[in-house]
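Report on the following structure.
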Amino acid sequence: MIDSPLALRNITRNIDKIDPESIEEYLKTDGYEALKKTLTMKPKEIVSIIRDSGLRGRGGAGYPTGLKWYFAANTQSDAKYVICNADEGEPGTFKDRILMEGDPFSLIEALTIAGYAIGSNKGYIYIRDEYRLSIRRLQNAIEKAQQSGYLGLNILGSGFDFDLEISIGAGSYVCGEETALFESLEGKRGEPRIKPPYPTESGLFGKPTVINNVETLVNIPLIVNRGADWFKEIGTECSPGTKIFTLSGDVARPGAIELPLGTTLRELIYEVAGGISSEEKLKMIQLGGAAGHCLSPDYLDISLDFDSLAVKGLSLGSGAILVLDESRSIIKTAYSLAKFFCHESCGQCTPCREGTLQQKEILGRILSKKSSEKDLELLERLSVSMVQTSLCPLGQTASLGISSAIKHFKEEFLSYSERGI
Amino acid sequence: MHKDLRIEEIARLHRGNLLPMLKQLQTEFGYLQKQVLKKLAKETGIPLSQIYATATFYSLLTTKEKGQYVIRICESPSCELQDKEEILTAIWEELGIIPRETTRDRKFSLEFSSCLGQCDKGPALMVNGDTYTNVKPSDIGEILSRYHLREEVKQ
Ligand SMILES: Cc1cc2nc3c(=O)[nH]c(=O)nc-3n(C[C@H](O)[C@H](O)[C@H](O)COP(=O)(O)O)c2cc1C
């Protein structure tokens, strides 16, 4: 975690402060108080608190968490599931890893509360294979919670049964997309499903399912303990709470930091991360991960919250912030993005499978200075088709980083095309 | 045959859930040979085409033999900004392989990986399940020697 006077320590309060393998230490810092409170209330009341808090998903889409829970709670079914999306594969993002490594019990408590709220007895944590330390810490936390009566049958004598299982991925970015994740959990190729039906109606094994990101979930015990009003005082009116931002690239102090939503890029880069690490000037910021927009320094004063960004056609994504200084090549970064999406496209739908391949080939041509000006037009036309016709958000967003880079750094692209040499 | 029995056991253990079966088979047999997949299809009733399609979908599963230790270098934009090329050179100097190659003694394979989630500490790489961050070209010799050593201890 980056040390900064601006930092808040709400969801990150236990990180580097308590032994993440000790349930005793977790209990001493209000651990499991929220679950105890939950079990004295009606499931409906818990859903109401979360709805009132205005908590929105931290996995990228910013969907209201309480609403998701409400739909799942009100769907009748013999089985329902809660799933934690811990597949964190968005380039530039490492917030969920830090949360799982540093405070695994909070996540487990949150999932148990979610299970109670929607009427589910079984949860899964789907985690990428690369996160070995997170996996070990979660496994340990689940075992300790089971031994202490916080998971399993008749939790704390309440009559509520809930258990958790860890499911480990096998190297695939698209499996972080919720419906692809269900397919993978069911043991198949991770190909996204067509929506609707939405997960709250038909998710894992066709049953009503709530799926939330790690960071979303760890807010739950705090909201239950401290109340929706406490939560709404942080952040902005429509984006309450904090967000973990992960900074990488040419900043003096890269790392993760928890800040109120509504912080500006300027504060993040210059106050928190200590500015640019070299003598060079700031050139580009990519906001939100590989699918995020590549922005020029003109955007430094935008407020990082869901709505202010949506108004400008931007997205907070995972909260990843990649910073490049003037010495860097935008074309190389664009090519790197193109390579990534080409590799990670699942191949199911044509616009994404062929589009991501063409993006890589065209940018390869540009990078080796073998392109013509037409190639930029081609990339832009390709982007429109991919956005409009791809089956899932991977294909719909795989061109955004590249098209925004062309928009804001057109001169650099032109200087690489034949006319410019 | 002992191997066939083991495939039957693994198929039963995971009750129709293909991905964990494939992961366990790979852990035990090194990679997913054609014969293993065929036997699995017979055992589970899952069509071979579906088994093969799943085995080839995931980056961490392989139907081809690889080295005992797979070095995976992160090629996300954040790590690309660090001295990734020099790391590749250092590995070439130590092992004589470039990405997608395996050493002749089948000890090491070299691959690229999508983001490893260590973006503030790049360049990052993994050797099997071990993660290394802030890797400098001069660290490569020492990192690799740990795996050479492990072999000698075993023998
Ligand atoms: C290609 C792709 C990858 C995704 N990867 C992740 C991921 O690694 N972790 C995550 O929480 N959400 C990821 N998402 C978003 C999920 O589909 C889903 O919106 C999220 O898990 C919902 O949780 P939330 O409401 O708590 O944010 C991804 C989406 C797409 C399209």
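The chains in the structure tokens are called A, B, ... from first to last as shown; in each chain the residues are counted from 1, and the ligands are counted from 1 in the order shown.
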Write out as a PDB file with N, CA and C atoms, in the first residue's frame every residue belonging to chain B that has an atom at most 9 Å from any atom of chain A, counting only C-alpha atoms.
ATOM      1  N   GLY B  16     -17.795 -35.576 -13.082  1.00  0.00           N
ATOM      2  CA  GLY B  16     -18.309 -34.910 -14.276  1.00  0.00           C
ATOM      3  C   GLY B  16     -17.771 -33.510 -14.498  1.00  0.00           C
ATOM      4  N   ASN B  17     -17.029 -32.937 -13.524  1.00  0.00           N
ATOM      5  CA  ASN B  17     -16.485 -31.595 -13.726  1.00  0.00           C
ATOM      6  C   ASN B  17     -15.116 -31.701 -14.409  1.00  0.00           C
ATOM      7  N   LEU B  18     -15.139 -31.391 -15.702  1.00  0.00           N
ATOM      8  CA  LEU B  18     -13.991 -31.690 -16.559  1.00  0.00           C
ATOM      9  C   LEU B  18     -12.710 -30.922 -16.203  1.00  0.00           C
ATOM     10  N   LEU B  19     -12.849 -29.614 -15.937  1.00  0.00           N
ATOM     11  CA  LEU B  19     -11.645 -28.801 -15.748  1.00  0.00           C
ATOM     12  C   LEU B  19     -10.753 -29.293 -14.601  1.00  0.00           C
ATOM     13  N   PRO B  20     -11.304 -29.556 -13.426  1.00  0.00           N
ATOM     14  CA  PRO B  20     -10.434 -30.097 -12.361  1.00  0.00           C
ATOM     15  C   PRO B  20      -9.821 -31.450 -12.722  1.00  0.00           C
ATOM     16  N   MET B  21     -10.548 -32.259 -13.514  1.00  0.00           N
ATOM     17  CA  MET B  21      -9.971 -33.538 -13.961  1.00  0.00           C
ATOM     18  C   MET B  21      -8.732 -33.284 -14.797  1.00  0.00           C
ATOM     19  N   LYS B  23      -6.860 -30.636 -14.895  1.00  0.00           N
ATOM     20  CA  LYS B  23      -5.764 -30.046 -14.120  1.00  0.00           C
ATOM     21  C   LYS B  23      -5.020 -31.117 -13.336  1.00  0.00           C
ATOM     22  N   GLN B  50     -15.036 -32.283 -27.008  1.00  0.00           N
ATOM     23  CA  GLN B  50     -15.253 -31.313 -25.929  1.00  0.00           C
ATOM     24  C   GLN B  50     -14.066 -31.318 -24.960  1.00  0.00           C
ATOM     25  N   ILE B  51     -13.527 -32.490 -24.712  1.00  0.00           N
ATOM     26  CA  ILE B  51     -12.371 -32.588 -23.812  1.00  0.00           C
ATOM     27  C   ILE B  51     -11.180 -31.854 -24.412  1.00  0.00           C
ATOM     28  N   ALA B  53     -11.287 -29.518 -26.709  1.00  0.00           N
ATOM     29  CA  ALA B  53     -11.597 -28.082 -26.798  1.00  0.00           C
ATOM     30  C   ALA B  53     -11.336 -27.401 -25.452  1.00  0.00           C
ATOM     31  N   THR B  54     -11.616 -28.083 -24.376  1.00  0.00           N
ATOM     32  CA  THR B  54     -11.397 -27.501 -23.048  1.00  0.00           C
ATOM     33  C   THR B  54      -9.902 -27.499 -22.708  1.00  0.00           C
ATOM     34  N   ALA B  55      -9.235 -28.607 -23.032  1.00  0.00           N
ATOM     35  CA  ALA B  55      -7.804 -28.725 -22.720  1.00  0.00           C
ATOM     36  C   ALA B  55      -6.987 -27.660 -23.450  1.00  0.00           C
ATOM     37  N   THR B  56      -7.453 -27.245 -24.633  1.00  0.00           N
ATOM     38  CA  THR B  56      -6.676 -26.271 -25.408  1.00  0.00           C
ATOM     39  C   THR B  56      -7.151 -24.836 -25.188  1.00  0.00           C
ATOM     40  N   PHE B  57      -8.184 -24.660 -24.372  1.00  0.00           N
ATOM     41  CA  PHE B  57      -8.714 -23.310 -24.134  1.00  0.00           C
ATOM     42  C   PHE B  57      -7.877 -22.547 -23.121  1.00  0.00           C
ATOM     43  N   TYR B  58      -7.413 -23.240 -22.106  1.00  0.00           N
ATOM     44  CA  TYR B  58      -6.762 -22.581 -20.968  1.00  0.00           C
ATOM     45  C   TYR B  58      -5.242 -22.540 -21.131  1.00  0.00           C
ATOM     46  N   SER B  59      -4.667 -21.356 -20.847  1.00  0.00           N
ATOM     47  CA  SER B  59      -3.216 -21.175 -21.028  1.00  0.00           C
ATOM     48  C   SER B  59      -2.394 -22.112 -20.169  1.00  0.00           C
ATOM     49  N   LEU B  60      -2.933 -22.489 -19.001  1.00  0.00           N
ATOM     50  CA  LEU B  60      -2.117 -23.286 -18.090  1.00  0.00           C
ATOM     51  C   LEU B  60      -2.260 -24.791 -18.324  1.00  0.00           C
ATOM     52  N   LEU B  61      -3.118 -25.168 -19.277  1.00  0.00           N
ATOM     53  CA  LEU B  61      -3.188 -26.587 -19.644  1.00  0.00           C
ATOM     54  C   LEU B  61      -2.404 -26.768 -20.934  1.00  0.00           C
ATOM     55  N   GLU B  75       3.800 -10.112 -19.852  1.00  0.00           N
ATOM     56  CA  GLU B  75       3.947  -9.159 -20.961  1.00  0.00           C
ATOM     57  C   GLU B  75       2.823  -8.128 -20.963  1.00  0.00           C
ATOM     58  N   SER B  76       2.326  -7.783 -19.769  1.00  0.00           N
ATOM     59  CA  SER B  76       1.305  -6.738 -19.710  1.00  0.00           C
ATOM     60  C   SER B  76       1.970  -5.390 -19.958  1.00  0.00           C
ATOM     61  N   PRO B  77       1.172  -4.365 -20.333  1.00  0.00           N
ATOM     62  CA  PRO B  77       1.773  -3.062 -20.628  1.00  0.00           C
ATOM     63  C   PRO B  77       2.667  -2.545 -19.495  1.00  0.00           C
ATOM     64  N   SER B  78       2.271  -2.737 -18.230  1.00  0.00           N
ATOM     65  CA  SER B  78       3.101  -2.226 -17.118  1.00  0.00           C
ATOM     66  C   SER B  78       4.461  -2.898 -17.116  1.00  0.00           C
ATOM     67  N   CYS B  79       4.501  -4.221 -17.267  1.00  0.00           N
ATOM     68  CA  CYS B  79       5.784  -4.923 -17.253  1.00  0.00           C
ATOM     69  C   CYS B  79       6.588  -4.636 -18.518  1.00  0.00           C
ATOM     70  N   GLU B  80       5.879  -4.387 -19.620  1.00  0.00           N
ATOM     71  CA  GLU B  80       6.584  -4.074 -20.866  1.00  0.00           C
ATOM     72  C   GLU B  80       7.401  -2.795 -20.746  1.00  0.00           C
ATOM     73  N   LEU B  81       6.975  -1.902 -19.841  1.00  0.00           N
ATOM     74  CA  LEU B  81       7.700  -0.647 -19.674  1.00  0.00           C
ATOM     75  C   LEU B  81       9.023  -0.878 -18.943  1.00  0.00           C
ATOM     76  N   GLN B  82       9.104  -1.978 -18.214  1.00  0.00           N
ATOM     77  CA  GLN B  82      10.341  -2.284 -17.493  1.00  0.00           C
ATOM     78  C   GLN B  82      11.285  -3.021 -18.461  1.00  0.00           C
ATOM     79  N   SER B 113       3.252 -14.549 -20.446  1.00  0.00           N
ATOM     80  CA  SER B 113       2.000 -14.666 -19.715  1.00  0.00           C
ATOM     81  C   SER B 113       1.265 -13.330 -19.780  1.00  0.00           C
ATOM     82  N   SER B 114      -0.066 -13.387 -19.733  1.00  0.00           N
ATOM     83  CA  SER B 114      -0.829 -12.161 -19.538  1.00  0.00           C
ATOM     84  C   SER B 114      -0.552 -11.674 -18.119  1.00  0.00           C
ATOM     85  N   CYS B 115      -1.077 -10.497 -17.796  1.00  0.00           N
ATOM     86  CA  CYS B 115      -0.771  -9.814 -16.531  1.00  0.00           C
ATOM     87  C   CYS B 115      -0.765 -10.762 -15.334  1.00  0.00           C
ATOM     88  N   LEU B 116       0.307 -10.705 -14.547  1.00  0.00           N
ATOM     89  CA  LEU B 116       0.433 -11.553 -13.359  1.00  0.00           C
ATOM     90  C   LEU B 116      -0.018 -10.835 -12.082  1.00  0.00           C
ATOM     91  N   GLY B 117      -0.472  -9.585 -12.228  1.00  0.00           N
ATOM     92  CA  GLY B 117      -0.981  -8.868 -11.054  1.00  0.00           C
ATOM     93  C   GLY B 117       0.107  -8.386 -10.110  1.00  0.00           C
ATOM     94  N   GLN B 118       1.275  -8.068 -10.665  1.00  0.00           N
ATOM     95  CA  GLN B 118       2.391  -7.561  -9.848  1.00  0.00           C
ATOM     96  C   GLN B 118       2.868  -6.242 -10.456  1.00  0.00           C
ATOM     97  N   CYS B 119       1.916  -5.446 -10.975  1.00  0.00           N
ATOM     98  CA  CYS B 119       2.214  -4.347 -11.885  1.00  0.00           C
ATOM     99  C   CYS B 119       3.067  -3.230 -11.291  1.00  0.00           C
ATOM    100  N   ASP B 120       3.061  -3.072  -9.953  1.00  0.00           N
ATOM    101  CA  ASP B 120       3.892  -2.027  -9.343  1.00  0.00           C
ATOM    102  C   ASP B 120       5.303  -2.544  -9.083  1.00  0.00           C
ATOM    103  N   LYS B 121       5.525  -3.841  -9.367  1.00  0.00           N
ATOM    104  CA  LYS B 121       6.829  -4.429  -9.062  1.00  0.00           C
ATOM    105  C   LYS B 121       7.391  -5.160 -10.275  1.00  0.00           C
ATOM    106  N   GLY B 122       7.154  -4.593 -11.455  1.00  0.00           N
ATOM    107  CA  GLY B 122       7.636  -5.247 -12.677  1.00  0.00           C
ATOM    108  C   GLY B 122       9.109  -5.016 -12.879  1.00  0.00           C
ATOM    109  N   MET B 126       6.972 -15.857 -13.341  1.00  0.00           N
ATOM    110  CA  MET B 126       6.693 -17.007 -12.482  1.00  0.00           C
ATOM    111  C   MET B 126       7.496 -18.195 -12.979  1.00  0.00           C
ATOM    112  N   GLY B 129       4.839 -22.440  -9.758  1.00  0.00           N
ATOM    113  CA  GLY B 129       3.969 -21.652  -8.871  1.00  0.00           C
ATOM    114  C   GLY B 129       4.654 -20.507  -8.142  1.00  0.00           C
ATOM    115  N   ASP B 130       5.953 -20.295  -8.376  1.00  0.00           N
ATOM    116  CA  ASP B 130       6.672 -19.260  -7.627  1.00  0.00           C
ATOM    117  C   ASP B 130       6.697 -17.948  -8.400  1.00  0.00           C
ATOM    118  N   THR B 131       6.392 -16.850  -7.690  1.00  0.00           N
ATOM    119  CA  THR B 131       6.369 -15.536  -8.330  1.00  0.00           C
ATOM    120  C   THR B 131       7.632 -14.753  -7.978  1.00  0.00           C
TER     121      THR B 131
END
Give one line per residue of chain A that approaches ligand 1 to at most 9 Å, naming the two atoms of the closest pair and their distance in Å to one decimal, counting only C-alpha atoms and all ligand atoms; sort by chain then ascending residue number and deliver it as JSON lines.
{"residue": "A:Arg56", "atom": "CA", "partner": "ligand 1", "partner_atom_place_in_ligand_line": "25 (O)", "distance": 6.6}
{"residue": "A:Gly57", "atom": "CA", "partner": "ligand 1", "partner_atom_place_in_ligand_line": "27 (O)", "distance": 3.3}
{"residue": "A:Arg58", "atom": "CA", "partner": "ligand 1", "partner_atom_place_in_ligand_line": "27 (O)", "distance": 4.2}
{"residue": "A:Gly59", "atom": "CA", "partner": "ligand 1", "partner_atom_place_in_ligand_line": "27 (O)", "distance": 3.2}
{"residue": "A:Gly60", "atom": "CA", "partner": "ligand 1", "partner_atom_place_in_ligand_line": "27 (O)", "distance": 5.4}
{"residue": "A:Ala61", "atom": "CA", "partner": "ligand 1", "partner_atom_place_in_ligand_line": "19 (O)", "distance": 5.4}
{"residue": "A:Gly62", "atom": "CA", "partner": "ligand 1", "partner_atom_place_in_ligand_line": "27 (O)", "distance": 5.8}
{"residue": "A:Tyr63", "atom": "CA", "partner": "ligand 1", "partner_atom_place_in_ligand_line": "25 (O)", "distance": 5.2}
{"residue": "A:Pro64", "atom": "CA", "partner": "ligand 1", "partner_atom_place_in_ligand_line": "25 (O)", "distance": 6.9}
{"residue": "A:Thr65", "atom": "CA", "partner": "ligand 1", "partner_atom_place_in_ligand_line": "25 (O)", "distance": 5.9}
{"residue": "A:Lys68", "atom": "CA", "partner": "ligand 1", "partner_atom_place_in_ligand_line": "25 (O)", "distance": 7.9}
{"residue": "A:Ile83", "atom": "CA", "partner": "ligand 1", "partner_atom_place_in_ligand_line": "21 (O)", "distance": 8.7}
{"residue": "A:Cys84", "atom": "CA", "partner": "ligand 1", "partner_atom_place_in_ligand_line": "21 (O)", "distance": 7.5}
{"residue": "A:Asn85", "atom": "CA", "partner": "ligand 1", "partner_atom_place_in_ligand_line": "11 (O)", "distance": 4.6}
{"residue": "A:Ala86", "atom": "CA", "partner": "ligand 1", "partner_atom_place_in_ligand_line": "9 (N)", "distance": 5.6}
{"residue": "A:Asp87", "atom": "CA", "partner": "ligand 1", "partner_atom_place_in_ligand_line": "8 (O)", "distance": 4.2}
{"residue": "A:Glu88", "atom": "CA", "partner": "ligand 1", "partner_atom_place_in_ligand_line": "8 (O)", "distance": 3.4}
{"residue": "A:Gly89", "atom": "CA", "partner": "ligand 1", "partner_atom_place_in_ligand_line": "8 (O)", "distance": 4.8}
{"residue": "A:Glu90", "atom": "CA", "partner": "ligand 1", "partner_atom_place_in_ligand_line": "8 (O)", "distance": 6.0}
{"residue": "A:Thr93", "atom": "CA", "partner": "ligand 1", "partner_atom_place_in_ligand_line": "8 (O)", "distance": 9.0}
{"residue": "A:Asp96", "atom": "CA", "partner": "ligand 1", "partner_atom_place_in_ligand_line": "9 (N)", "distance": 8.4}
{"residue": "A:Ile127", "atom": "CA", "partner": "ligand 1", "partner_atom_place_in_ligand_line": "8 (O)", "distance": 8.7}
{"residue": "A:Arg128", "atom": "CA", "partner": "ligand 1", "partner_atom_place_in_ligand_line": "8 (O)", "distance": 8.5}
{"residue": "A:Tyr173", "atom": "CA", "partner": "ligand 1", "partner_atom_place_in_ligand_line": "3 (C)", "distance": 5.9}
{"residue": "A:Val174", "atom": "CA", "partner": "ligand 1", "partner_atom_place_in_ligand_line": "1 (C)", "distance": 4.4}
{"residue": "A:Cys175", "atom": "CA", "partner": "ligand 1", "partner_atom_place_in_ligand_line": "3 (C)", "distance": 6.5}
{"residue": "A:Gly176", "atom": "CA", "partner": "ligand 1", "partner_atom_place_in_ligand_line": "5 (N)", "distance": 3.3}
{"residue": "A:Glu177", "atom": "CA", "partner": "ligand 1", "partner_atom_place_in_ligand_line": "17 (O)", "distance": 3.5}
{"residue": "A:Glu178", "atom": "CA", "partner": "ligand 1", "partner_atom_place_in_ligand_line": "17 (O)", "distance": 3.9}
{"residue": "A:Thr179", "atom": "CA", "partner": "ligand 1", "partner_atom_place_in_ligand_line": "17 (O)", "distance": 7.0}
{"residue": "A:Ala180", "atom": "CA", "partner": "ligand 1", "partner_atom_place_in_ligand_line": "17 (O)", "distance": 8.2}
{"residue": "A:Leu181", "atom": "CA", "partner": "ligand 1", "partner_atom_place_in_ligand_line": "17 (O)", "distance": 8.2}
{"residue": "A:Pro192", "atom": "CA", "partner": "ligand 1", "partner_atom_place_in_ligand_line": "31 (C)", "distance": 8.6}
{"residue": "A:Val210", "atom": "CA", "partner": "ligand 1", "partner_atom_place_in_ligand_line": "23 (O)", "distance": 8.5}
{"residue": "A:Ile211", "atom": "CA", "partner": "ligand 1", "partner_atom_place_in_ligand_line": "23 (O)", "distance": 5.6}
{"residue": "A:Asn212", "atom": "CA", "partner": "ligand 1", "partner_atom_place_in_ligand_line": "26 (O)", "distance": 3.3}
{"residue": "A:Asn213", "atom": "CA", "partner": "ligand 1", "partner_atom_place_in_ligand_line": "11 (O)", "distance": 3.6}
{"residue": "A:Val214", "atom": "CA", "partner": "ligand 1", "partner_atom_place_in_ligand_line": "11 (O)", "distance": 6.3}
{"residue": "A:Glu215", "atom": "CA", "partner": "ligand 1", "partner_atom_place_in_ligand_line": "26 (O)", "distance": 7.2}
{"residue": "A:Thr216", "atom": "CA", "partner": "ligand 1", "partner_atom_place_in_ligand_line": "26 (O)", "distance": 4.8}
{"residue": "A:Leu217", "atom": "CA", "partner": "ligand 1", "partner_atom_place_in_ligand_line": "26 (O)", "distance": 6.8}
{"residue": "A:Ala291", "atom": "CA", "partner": "ligand 1", "partner_atom_place_in_ligand_line": "1 (C)", "distance": 8.5}
{"residue": "A:Gly317", "atom": "CA", "partner": "ligand 1", "partner_atom_place_in_ligand_line": "15 (C)", "distance": 8.8}
{"residue": "A:Ser318", "atom": "CA", "partner": "ligand 1", "partner_atom_place_in_ligand_line": "10 (C)", "distance": 7.9}
{"residue": "A:Glu344", "atom": "CA", "partner": "ligand 1", "partner_atom_place_in_ligand_line": "1 (C)", "distance": 8.4}
{"residue": "A:Ser345", "atom": "CA", "partner": "ligand 1", "partner_atom_place_in_ligand_line": "1 (C)", "distance": 8.5}
{"residue": "A:Cys392", "atom": "CA", "partner": "ligand 1", "partner_atom_place_in_ligand_line": "31 (C)", "distance": 6.3}
{"residue": "A:Pro393", "atom": "CA", "partner": "ligand 1", "partner_atom_place_in_ligand_line": "31 (C)", "distance": 4.2}
{"residue": "A:Leu394", "atom": "CA", "partner": "ligand 1", "partner_atom_place_in_ligand_line": "1 (C)", "distance": 4.2}
{"residue": "A:Gly395", "atom": "CA", "partner": "ligand 1", "partner_atom_place_in_ligand_line": "1 (C)", "distance": 8.0}
{"residue": "A:Gln396", "atom": "CA", "partner": "ligand 1", "partner_atom_place_in_ligand_line": "31 (C)", "distance": 8.4}
{"residue": "A:Thr397", "atom": "CA", "partner": "ligand 1", "partner_atom_place_in_ligand_line": "31 (C)", "distance": 8.1}
{"residue": "A:Ala398", "atom": "CA", "partner": "ligand 1", "partner_atom_place_in_ligand_line": "1 (C)", "distance": 8.8}
Output as a count of residues only all residues of stretch 3-155 of chain B that backbone DSSP marks as helix (DSSP H, G or I). 79
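Near stretch 37-40 of chain B, within 10 Å and counting only C-alpha atoms, sit Lys3, Asp4, Ile7, Glu8, Ile10, Ala11, Leu18, Met21, Leu22, Leu25, Leu32, Gln33, Lys34, Glu43, Thr44, Gly45, Ile46, Pro47, Leu48, Ser49, Ile51, Tyr52, Ala55 and Thr63 of chain B; same-chain residues fewer than 3 positions away were not included.
Between atom CA of A:Cys238 and atom CA of A:Tyr116 there is a distance of 26.6 Å.
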